[in-house]
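Here the structure comes first, spelled out in structure tokens, and everything after it is commentary.
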Amino acid sequence: GESVGLHLPTLSVQEGDNSIINCAYSNSASDYFIWYKQESGKGPQFIIDIRSNMDKRQGQRVTVLLNKTVKHLSLQIAATQPGDSAVYFCALEETGRRALTFGSGTRLQVQP
Amino acid sequence: GAVVSQHPSWVICKSGTSVKIECRSLDFQATTMFWYRQFPKQSLMLMATSNEGSKATYEQGVEKDKFLINHASLTLSTLTVTSAHPEDSSFYICSARLAGLRDTQYFGPGTRLTVL
């Protein structure tokens with residue numbers, strides 16, 4: 001079965017620093033990847049996505065990098081702010097299966 | 001972006017009772033909705049895929065007779081937890097995708113169920 005894992009369960013950064021959250025996956029049939037942010041007691045909030053035909057995508061203060069060779073996904077947050085404090089999940093969709101498989105999550109703590 | 005709502009946002013019930021949770025796509029039609037369950041400090045686990053006008057598809061280990069799913073319209077899916085027990089206490093989250101498009105899933109705010 002598919003497994004999606006994260007390297008660091010908790011990441012603590014100083015306000016203004018850049019944050020990098022990593023995710024590893026095992027199924028090479030995965031072709032769509034999404035990063036979600038979840039604040040306490042709320043549903044996941046879409047941050048950014050990337051399809052398997054790309055290796056980088058940028059949004060506002062966020063960048064997602066995809067390395068299909070080593071099955072690795074990362075989320076970079078520039079100039080991290082206290083409001084970025086949350087749990088971040090990577091999720092992936094396998095070809096032909098519309099449901100998402102979620103990683104275990106990384107808690108980002110931003111120190112003022 | 002697309003908005004998905006859930007009702008209620010939280011519910012407390014006695015053991016043995018049934019609880020219904022609604023998931024609505026407010027500004028788009030969703031032929032497919034998904035139900036997830038999340039225990040404290042854990043990730044989201046898919047319970048079932050809800051298809052408008054047909055039976056839901058349940059993940060392995062999820063009892064279809066305990067977690068009844070109805071997707072009666074393109075904007076509404078319901079999850080009924082029947083004969084709830086304390087171990088069913090969890091955060092239930094639904095998501096929906098835009099009809100006819102391969103697009104990201106939009107999540108509802110979740111429903112906190114506590115079974116006494």
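The chains in the structure tokens are called A, B, ... from first to last as shown; in each chain the residues are counted from 1, and the ligands are counted from 1 in the order shown.
Using only C-alpha atoms, we find that the part of chain A lying within 10 Å of chain B comprises Tyr32, Phe33, Ile34, Tyr36, Gln38, Ser40, Gly41, Lys42, Gly43, Pro44, Gln45, Phe46, Ile48, Asp49, Val87, Tyr88, Phe89, Ala91, Glu93, Arg98, Ala99, Leu100, Thr101, Phe102, Gly103, Ser104, Gly105, Thr106 and Arg107 of chain A.
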Would you put the residues from that selection into a file with C-alpha atoms, as an mmCIF file, in the first residue's frame?
data_model
loop_
_atom_site.group_PDB
_atom_site.id
_atom_site.type_symbol
_atom_site.label_atom_id
_atom_site.label_comp_id
_atom_site.auth_asym_id
_atom_site.auth_seq_id
_atom_site.Cartn_x
_atom_site.Cartn_y
_atom_site.Cartn_z
ATOM 1 C CA TYR A 32 -0.610 14.828 -8.032
ATOM 2 C CA PHE A 33 0.731 16.296 -4.820
ATOM 3 C CA ILE A 34 -0.742 18.854 -2.478
ATOM 4 C CA TYR A 36 -2.278 21.509 3.247
ATOM 5 C CA GLN A 38 -4.236 22.714 9.331
ATOM 6 C CA SER A 40 -6.049 23.531 15.559
ATOM 7 C CA GLY A 41 -9.689 22.489 15.391
ATOM 8 C CA LYS A 42 -10.054 23.374 11.716
ATOM 9 C CA GLY A 43 -10.122 21.548 8.424
ATOM 10 C CA PRO A 44 -7.106 21.420 6.119
ATOM 11 C CA GLN A 45 -6.498 24.511 4.034
ATOM 12 C CA PHE A 46 -5.052 24.190 0.546
ATOM 13 C CA ILE A 48 -0.144 24.708 -3.104
ATOM 14 C CA ASP A 49 -0.139 21.757 -5.443
ATOM 15 C CA VAL A 87 0.453 21.465 11.170
ATOM 16 C CA TYR A 88 1.389 20.910 7.554
ATOM 17 C CA PHE A 89 0.407 17.806 5.652
ATOM 18 C CA ALA A 91 -1.051 14.596 0.413
ATOM 19 C CA GLU A 93 -3.250 11.310 -5.332
ATOM 20 C CA ARG A 98 -9.262 10.316 -6.677
ATOM 21 C CA ALA A 99 -8.936 9.995 -2.933
ATOM 22 C CA LEU A 100 -5.962 11.523 -1.164
ATOM 23 C CA THR A 101 -3.401 9.817 1.013
ATOM 24 C CA PHE A 102 -2.071 12.084 3.730
ATOM 25 C CA GLY A 103 1.310 12.164 5.353
ATOM 26 C CA SER A 104 1.705 12.116 9.111
ATOM 27 C CA GLY A 105 2.092 15.875 9.411
ATOM 28 C CA THR A 106 4.743 18.336 10.607
ATOM 29 C CA ARG A 107 4.039 20.910 13.267
#
Spatial neighbours of Val11 (chain B), 10 Å, only C-alpha atoms, chain gap at least 4 places, as a PyMOL selection string: chain B and resi 7+19-21+89+111-115
Written selection (all heavy atoms) as a PDB file, in the first residue's frame:
ATOM      1  N   HIS B   7     -21.990  20.636   9.122  1.00  0.00           N
ATOM      2  CA  HIS B   7     -22.889  20.906  10.233  1.00  0.00           C
ATOM      3  C   HIS B   7     -23.256  19.610  10.924  1.00  0.00           C
ATOM      4  O   HIS B   7     -23.561  18.618  10.256  1.00  0.00           O
ATOM      5  CB  HIS B   7     -24.173  21.590   9.737  1.00  0.00           C
ATOM      6  CG  HIS B   7     -25.153  21.861  10.820  1.00  0.00           C
ATOM      7  ND1 HIS B   7     -25.050  22.934  11.677  1.00  0.00           N
ATOM      8  CD2 HIS B   7     -26.247  21.146  11.228  1.00  0.00           C
ATOM      9  CE1 HIS B   7     -26.038  22.893  12.543  1.00  0.00           C
ATOM     10  NE2 HIS B   7     -26.780  21.837  12.298  1.00  0.00           N
ATOM     11  N   VAL B  19     -25.696   9.820  15.156  1.00  0.00           N
ATOM     12  CA  VAL B  19     -25.387  11.220  14.880  1.00  0.00           C
ATOM     13  C   VAL B  19     -25.230  11.410  13.379  1.00  0.00           C
ATOM     14  O   VAL B  19     -24.529  10.630  12.731  1.00  0.00           O
ATOM     15  CB  VAL B  19     -24.081  11.645  15.589  1.00  0.00           C
ATOM     16  CG1 VAL B  19     -23.682  13.058  15.194  1.00  0.00           C
ATOM     17  CG2 VAL B  19     -24.233  11.515  17.094  1.00  0.00           C
ATOM     18  N   LYS B  20     -25.858  12.451  12.854  1.00  0.00           N
ATOM     19  CA  LYS B  20     -25.749  12.759  11.427  1.00  0.00           C
ATOM     20  C   LYS B  20     -24.925  14.020  11.237  1.00  0.00           C
ATOM     21  O   LYS B  20     -25.162  15.035  11.889  1.00  0.00           O
ATOM     22  CB  LYS B  20     -27.123  12.957  10.796  1.00  0.00           C
ATOM     23  CG  LYS B  20     -27.058  13.306   9.298  1.00  0.00           C
ATOM     24  CD  LYS B  20     -28.413  13.608   8.712  1.00  0.00           C
ATOM     25  CE  LYS B  20     -29.220  12.362   8.513  1.00  0.00           C
ATOM     26  NZ  LYS B  20     -30.472  12.624   7.765  1.00  0.00           N
ATOM     27  N   ILE B  21     -23.974  13.940  10.313  1.00  0.00           N
ATOM     28  CA  ILE B  21     -23.128  15.080   9.975  1.00  0.00           C
ATOM     29  C   ILE B  21     -23.355  15.421   8.511  1.00  0.00           C
ATOM     30  O   ILE B  21     -23.335  14.539   7.654  1.00  0.00           O
ATOM     31  CB  ILE B  21     -21.636  14.756  10.212  1.00  0.00           C
ATOM     32  CG1 ILE B  21     -21.405  14.342  11.666  1.00  0.00           C
ATOM     33  CG2 ILE B  21     -20.768  15.957   9.854  1.00  0.00           C
ATOM     34  CD1 ILE B  21     -20.016  13.772  11.924  1.00  0.00           C
ATOM     35  N   SER B  89     -15.430   8.735  18.997  1.00  0.00           N
ATOM     36  CA  SER B  89     -15.121  10.143  19.216  1.00  0.00           C
ATOM     37  C   SER B  89     -13.916  10.525  18.368  1.00  0.00           C
ATOM     38  O   SER B  89     -12.855   9.897  18.448  1.00  0.00           O
ATOM     39  CB  SER B  89     -14.820  10.392  20.697  1.00  0.00           C
ATOM     40  OG  SER B  89     -15.943  10.096  21.506  1.00  0.00           O
ATOM     41  N   THR B 111     -16.096  18.357  11.975  1.00  0.00           N
ATOM     42  CA  THR B 111     -17.089  18.180  13.035  1.00  0.00           C
ATOM     43  C   THR B 111     -16.456  17.372  14.150  1.00  0.00           C
ATOM     44  O   THR B 111     -15.968  16.258  13.923  1.00  0.00           O
ATOM     45  CB  THR B 111     -18.328  17.424  12.515  1.00  0.00           C
ATOM     46  OG1 THR B 111     -18.971  18.208  11.501  1.00  0.00           O
ATOM     47  CG2 THR B 111     -19.315  17.157  13.646  1.00  0.00           C
ATOM     48  N   ARG B 112     -16.470  17.969  15.338  1.00  0.00           N
ATOM     49  CA  ARG B 112     -15.901  17.277  16.508  1.00  0.00           C
ATOM     50  C   ARG B 112     -17.005  16.453  17.157  1.00  0.00           C
ATOM     51  O   ARG B 112     -17.985  16.999  17.650  1.00  0.00           O
ATOM     52  CB  ARG B 112     -15.353  18.296  17.501  1.00  0.00           C
ATOM     53  CG  ARG B 112     -14.880  17.705  18.825  1.00  0.00           C
ATOM     54  CD  ARG B 112     -13.587  16.960  18.667  1.00  0.00           C
ATOM     55  NE  ARG B 112     -12.518  17.824  18.179  1.00  0.00           N
ATOM     56  CZ  ARG B 112     -11.344  17.380  17.752  1.00  0.00           C
ATOM     57  NH1 ARG B 112     -11.099  16.082  17.741  1.00  0.00           N
ATOM     58  NH2 ARG B 112     -10.435  18.214  17.318  1.00  0.00           N
ATOM     59  N   LEU B 113     -16.860  15.128  17.146  1.00  0.00           N
ATOM     60  CA  LEU B 113     -17.835  14.237  17.771  1.00  0.00           C
ATOM     61  C   LEU B 113     -17.272  13.699  19.075  1.00  0.00           C
ATOM     62  O   LEU B 113     -16.170  13.126  19.092  1.00  0.00           O
ATOM     63  CB  LEU B 113     -18.184  13.079  16.838  1.00  0.00           C
ATOM     64  CG  LEU B 113     -19.022  11.942  17.443  1.00  0.00           C
ATOM     65  CD1 LEU B 113     -20.389  12.455  17.878  1.00  0.00           C
ATOM     66  CD2 LEU B 113     -19.170  10.798  16.458  1.00  0.00           C
ATOM     67  N   THR B 114     -18.025  13.878  20.132  1.00  0.00           N
ATOM     68  CA  THR B 114     -17.660  13.318  21.436  1.00  0.00           C
ATOM     69  C   THR B 114     -18.797  12.420  21.893  1.00  0.00           C
ATOM     70  O   THR B 114     -19.937  12.864  22.011  1.00  0.00           O
ATOM     71  CB  THR B 114     -17.434  14.431  22.479  1.00  0.00           C
ATOM     72  OG1 THR B 114     -16.402  15.308  22.012  1.00  0.00           O
ATOM     73  CG2 THR B 114     -17.020  13.836  23.820  1.00  0.00           C
ATOM     74  N   VAL B 115     -18.471  11.168  22.121  1.00  0.00           N
ATOM     75  CA  VAL B 115     -19.463  10.197  22.563  1.00  0.00           C
ATOM     76  C   VAL B 115     -19.198   9.866  24.026  1.00  0.00           C
ATOM     77  O   VAL B 115     -18.094   9.417  24.374  1.00  0.00           O
ATOM     78  CB  VAL B 115     -19.427   8.921  21.711  1.00  0.00           C
ATOM     79  CG1 VAL B 115     -20.563   7.989  22.127  1.00  0.00           C
ATOM     80  CG2 VAL B 115     -19.531   9.245  20.228  1.00  0.00           C
TER      81      VAL B 115
END
May I have the residues within 12 Å of region 10-20 of chain A as a PDB file with N, CA and C atoms, in the first residue's frame, using only C-alpha atoms and disregarding those fewer than 6 positions away in the same chain?
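Result file selection09.pdb:
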ATOM      1  N   ARG A  61       4.930  33.396  -1.267  1.00  0.00           N
ATOM      2  CA  ARG A  61       5.810  33.003  -0.148  1.00  0.00           C
ATOM      3  C   ARG A  61       6.016  31.500  -0.027  1.00  0.00           C
ATOM      4  N   VAL A  62       5.410  30.713  -0.849  1.00  0.00           N
ATOM      5  CA  VAL A  62       5.576  29.257  -0.775  1.00  0.00           C
ATOM      6  C   VAL A  62       6.077  28.705  -2.096  1.00  0.00           C
ATOM      7  N   THR A  63       6.887  27.660  -1.976  1.00  0.00           N
ATOM      8  CA  THR A  63       7.412  26.945  -3.135  1.00  0.00           C
ATOM      9  C   THR A  63       7.328  25.467  -2.850  1.00  0.00           C
ATOM     10  N   VAL A  64       6.870  24.707  -3.810  1.00  0.00           N
ATOM     11  CA  VAL A  64       6.855  23.255  -3.666  1.00  0.00           C
ATOM     12  C   VAL A  64       7.857  22.685  -4.666  1.00  0.00           C
ATOM     13  N   LEU A  65       8.658  21.759  -4.178  1.00  0.00           N
ATOM     14  CA  LEU A  65       9.636  21.079  -5.020  1.00  0.00           C
ATOM     15  C   LEU A  65       9.315  19.594  -5.041  1.00  0.00           C
ATOM     16  N   LEU A  73       9.135  15.268  -1.685  1.00  0.00           N
ATOM     17  CA  LEU A  73       8.375  16.497  -1.876  1.00  0.00           C
ATOM     18  C   LEU A  73       8.729  17.452  -0.744  1.00  0.00           C
ATOM     19  N   SER A  74       8.885  18.717  -1.056  1.00  0.00           N
ATOM     20  CA  SER A  74       9.155  19.673   0.015  1.00  0.00           C
ATOM     21  C   SER A  74       8.326  20.932  -0.161  1.00  0.00           C
ATOM     22  N   LEU A  75       8.084  21.571   0.962  1.00  0.00           N
ATOM     23  CA  LEU A  75       7.372  22.856   1.000  1.00  0.00           C
ATOM     24  C   LEU A  75       8.308  23.880   1.617  1.00  0.00           C
ATOM     25  N   GLN A  76       8.556  24.935   0.904  1.00  0.00           N
ATOM     26  CA  GLN A  76       9.385  26.009   1.416  1.00  0.00           C
ATOM     27  C   GLN A  76       8.511  27.224   1.671  1.00  0.00           C
ATOM     28  N   ILE A  77       8.637  27.768   2.862  1.00  0.00           N
ATOM     29  CA  ILE A  77       7.906  28.976   3.232  1.00  0.00           C
ATOM     30  C   ILE A  77       8.926  30.069   3.470  1.00  0.00           C
ATOM     31  N   ALA A  78       8.831  31.122   2.712  1.00  0.00           N
ATOM     32  CA  ALA A  78       9.762  32.236   2.853  1.00  0.00           C
ATOM     33  C   ALA A  78       9.278  33.220   3.914  1.00  0.00           C
ATOM     34  N   ALA A  79      10.239  33.788   4.641  1.00  0.00           N
ATOM     35  CA  ALA A  79       9.922  34.807   5.651  1.00  0.00           C
ATOM     36  C   ALA A  79       8.770  34.356   6.539  1.00  0.00           C
ATOM     37  N   THR A  80       8.999  33.270   7.217  1.00  0.00           N
ATOM     38  CA  THR A  80       7.950  32.651   8.031  1.00  0.00           C
ATOM     39  C   THR A  80       7.396  33.625   9.063  1.00  0.00           C
ATOM     40  N   GLN A  81       6.094  33.608   9.204  1.00  0.00           N
ATOM     41  CA  GLN A  81       5.395  34.514  10.110  1.00  0.00           C
ATOM     42  C   GLN A  81       4.692  33.721  11.203  1.00  0.00           C
ATOM     43  N   PRO A  82       4.388  34.357  12.333  1.00  0.00           N
ATOM     44  CA  PRO A  82       3.669  33.639  13.402  1.00  0.00           C
ATOM     45  C   PRO A  82       2.377  33.001  12.918  1.00  0.00           C
ATOM     46  N   GLY A  83       1.717  33.620  11.973  1.00  0.00           N
ATOM     47  CA  GLY A  83       0.478  33.061  11.435  1.00  0.00           C
ATOM     48  C   GLY A  83       0.681  31.795  10.628  1.00  0.00           C
ATOM     49  N   ASP A  84       1.923  31.472  10.341  1.00  0.00           N
ATOM     50  CA  ASP A  84       2.214  30.226   9.627  1.00  0.00           C
ATOM     51  C   ASP A  84       2.261  29.028  10.570  1.00  0.00           C
ATOM     52  N   SER A  85       2.244  29.288  11.855  1.00  0.00           N
ATOM     53  CA  SER A  85       2.270  28.200  12.834  1.00  0.00           C
ATOM     54  C   SER A  85       1.036  27.322  12.654  1.00  0.00           C
ATOM     55  N   ALA A  86       1.267  26.048  12.424  1.00  0.00           N
ATOM     56  CA  ALA A  86       0.177  25.102  12.161  1.00  0.00           C
ATOM     57  C   ALA A  86       0.805  23.736  11.920  1.00  0.00           C
ATOM     58  N   VAL A  87      -0.033  22.768  11.621  1.00  0.00           N
ATOM     59  CA  VAL A  87       0.453  21.465  11.170  1.00  0.00           C
ATOM     60  C   VAL A  87       0.320  21.419   9.649  1.00  0.00           C
ATOM     61  N   TYR A  88       1.367  20.977   9.002  1.00  0.00           N
ATOM     62  CA  TYR A  88       1.389  20.910   7.554  1.00  0.00           C
ATOM     63  C   TYR A  88       1.398  19.448   7.112  1.00  0.00           C
ATOM     64  N   PHE A  89       0.512  19.157   6.186  1.00  0.00           N
ATOM     65  CA  PHE A  89       0.407  17.806   5.652  1.00  0.00           C
ATOM     66  C   PHE A  89       0.706  17.805   4.161  1.00  0.00           C
ATOM     67  N   SER A 104       1.950  12.089   7.664  1.00  0.00           N
ATOM     68  CA  SER A 104       1.705  12.116   9.111  1.00  0.00           C
ATOM     69  C   SER A 104       1.697  13.519   9.684  1.00  0.00           C
ATOM     70  N   GLY A 105       2.167  14.493   8.958  1.00  0.00           N
ATOM     71  CA  GLY A 105       2.092  15.875   9.411  1.00  0.00           C
ATOM     72  C   GLY A 105       3.350  16.365  10.098  1.00  0.00           C
ATOM     73  N   THR A 106       3.648  17.651   9.913  1.00  0.00           N
ATOM     74  CA  THR A 106       4.743  18.336  10.607  1.00  0.00           C
ATOM     75  C   THR A 106       4.184  19.574  11.274  1.00  0.00           C
ATOM     76  N   ARG A 107       4.485  19.712  12.557  1.00  0.00           N
ATOM     77  CA  ARG A 107       4.039  20.910  13.267  1.00  0.00           C
ATOM     78  C   ARG A 107       5.097  21.988  13.104  1.00  0.00           C
ATOM     79  N   LEU A 108       4.703  23.115  12.576  1.00  0.00           N
ATOM     80  CA  LEU A 108       5.599  24.261  12.418  1.00  0.00           C
ATOM     81  C   LEU A 108       5.327  25.253  13.535  1.00  0.00           C
ATOM     82  N   GLN A 109       6.352  25.545  14.299  1.00  0.00           N
ATOM     83  CA  GLN A 109       6.250  26.529  15.374  1.00  0.00           C
ATOM     84  C   GLN A 109       7.132  27.722  15.025  1.00  0.00           C
ATOM     85  N   VAL A 110       6.537  28.888  14.964  1.00  0.00           N
ATOM     86  CA  VAL A 110       7.273  30.095  14.618  1.00  0.00           C
ATOM     87  C   VAL A 110       7.473  30.916  15.880  1.00  0.00           C
ATOM     88  N   GLN A 111       8.733  31.105  16.232  1.00  0.00           N
ATOM     89  CA  GLN A 111       9.077  31.868  17.426  1.00  0.00           C
ATOM     90  C   GLN A 111       9.201  33.354  17.080  1.00  0.00           C
ATOM     91  N   PRO A 112       8.523  34.211  17.822  1.00  0.00           N
ATOM     92  CA  PRO A 112       8.589  35.650  17.515  1.00  0.00           C
ATOM     93  C   PRO A 112       9.942  36.256  17.847  1.00  0.00           C
TER      94      PRO A 112
ATOM     95  N   LYS B  41      -3.763  14.507  17.227  1.00  0.00           N
ATOM     96  CA  LYS B  41      -2.344  14.485  16.879  1.00  0.00           C
ATOM     97  C   LYS B  41      -2.016  13.437  15.818  1.00  0.00           C
TER      98      LYS B  41
END
Sel. of strand (DSSP E) residues, region 13-81 of chain A, as a ChimeraX atom specification: /A:13-14,19-25,30-38,45-51,56-58,62-67,72-77
Using the selection just defined, write its residues with C-alpha atoms as a PDB file, in the first residue's frame.
ATOM      1  CA  VAL A  13      11.888  28.489  13.324  1.00  0.00           C
ATOM      2  CA  GLN A  14      12.407  32.123  14.100  1.00  0.00           C
ATOM      3  CA  SER A  19      11.038  27.049   6.619  1.00  0.00           C
ATOM      4  CA  ILE A  20      11.403  23.783   4.775  1.00  0.00           C
ATOM      5  CA  ILE A  21       9.057  20.886   5.402  1.00  0.00           C
ATOM      6  CA  ASN A  22       9.818  17.558   3.765  1.00  0.00           C
ATOM      7  CA  CYS A  23       7.744  14.589   2.710  1.00  0.00           C
ATOM      8  CA  ALA A  24       8.677  11.211   1.278  1.00  0.00           C
ATOM      9  CA  TYR A  25       6.363   8.915  -0.607  1.00  0.00           C
ATOM     10  CA  SER A  30       1.396   9.152  -7.565  1.00  0.00           C
ATOM     11  CA  ASP A  31       0.882  11.975 -10.008  1.00  0.00           C
ATOM     12  CA  TYR A  32      -0.610  14.828  -8.032  1.00  0.00           C
ATOM     13  CA  PHE A  33       0.731  16.296  -4.820  1.00  0.00           C
ATOM     14  CA  ILE A  34      -0.742  18.854  -2.478  1.00  0.00           C
ATOM     15  CA  TRP A  35       0.336  20.664   0.645  1.00  0.00           C
ATOM     16  CA  TYR A  36      -2.278  21.509   3.247  1.00  0.00           C
ATOM     17  CA  LYS A  37      -2.114  23.650   6.367  1.00  0.00           C
ATOM     18  CA  GLN A  38      -4.236  22.714   9.331  1.00  0.00           C
ATOM     19  CA  GLN A  45      -6.498  24.511   4.034  1.00  0.00           C
ATOM     20  CA  PHE A  46      -5.052  24.190   0.546  1.00  0.00           C
ATOM     21  CA  ILE A  47      -1.646  25.823   0.167  1.00  0.00           C
ATOM     22  CA  ILE A  48      -0.144  24.708  -3.104  1.00  0.00           C
ATOM     23  CA  ASP A  49      -0.139  21.757  -5.443  1.00  0.00           C
ATOM     24  CA  ILE A  50       2.091  20.268  -8.099  1.00  0.00           C
ATOM     25  CA  ARG A  51       1.627  17.659 -10.759  1.00  0.00           C
ATOM     26  CA  LYS A  56       8.861  23.183  -8.996  1.00  0.00           C
ATOM     27  CA  ARG A  57       5.950  25.489  -8.446  1.00  0.00           C
ATOM     28  CA  GLN A  58       5.802  28.806  -6.673  1.00  0.00           C
ATOM     29  CA  VAL A  62       5.576  29.257  -0.775  1.00  0.00           C
ATOM     30  CA  THR A  63       7.412  26.945  -3.135  1.00  0.00           C
ATOM     31  CA  VAL A  64       6.855  23.255  -3.666  1.00  0.00           C
ATOM     32  CA  LEU A  65       9.636  21.079  -5.020  1.00  0.00           C
ATOM     33  CA  LEU A  66       9.091  17.597  -6.362  1.00  0.00           C
ATOM     34  CA  ASN A  67      11.870  15.091  -6.912  1.00  0.00           C
ATOM     35  CA  HIS A  72      10.535  13.419  -2.262  1.00  0.00           C
ATOM     36  CA  LEU A  73       8.375  16.497  -1.876  1.00  0.00           C
ATOM     37  CA  SER A  74       9.155  19.673   0.015  1.00  0.00           C
ATOM     38  CA  LEU A  75       7.372  22.856   1.000  1.00  0.00           C
ATOM     39  CA  GLN A  76       9.385  26.009   1.416  1.00  0.00           C
ATOM     40  CA  ILE A  77       7.906  28.976   3.232  1.00  0.00           C
TER      41      ILE A  77
END
Within 9 Å of region 56-67 of chain B using only C-alpha atoms, minus same-chain residues under 5 positions, as an NGL selection string: :B and (46-51 or 79-84)
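Here CA of Ala29 (chain A) stands at a distance of 10.3 Å from CA of Lys68 (chain A).
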Distance in Å - CA of Glu22 (chain B) versus CA of Ser5 (chain B): 8.1 Å
Distance of CA of Thr75 (chain B) from CA of Leu92 (chain A), expressed in Å to one decimal place: 24.2 Å
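Shortest separation to Asp27 (chain B) among B:Ser54, B:Ala96, B:Pro8, B:Asp88 occurs at residue B:Ala96, atoms counted being only C-alpha atoms.
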Counting only C-alpha atoms, the residue of B:Cys23, B:Phe39, B:Ile12, B:Thr17 that sits nearest Ser77 (chain B): B:Cys23
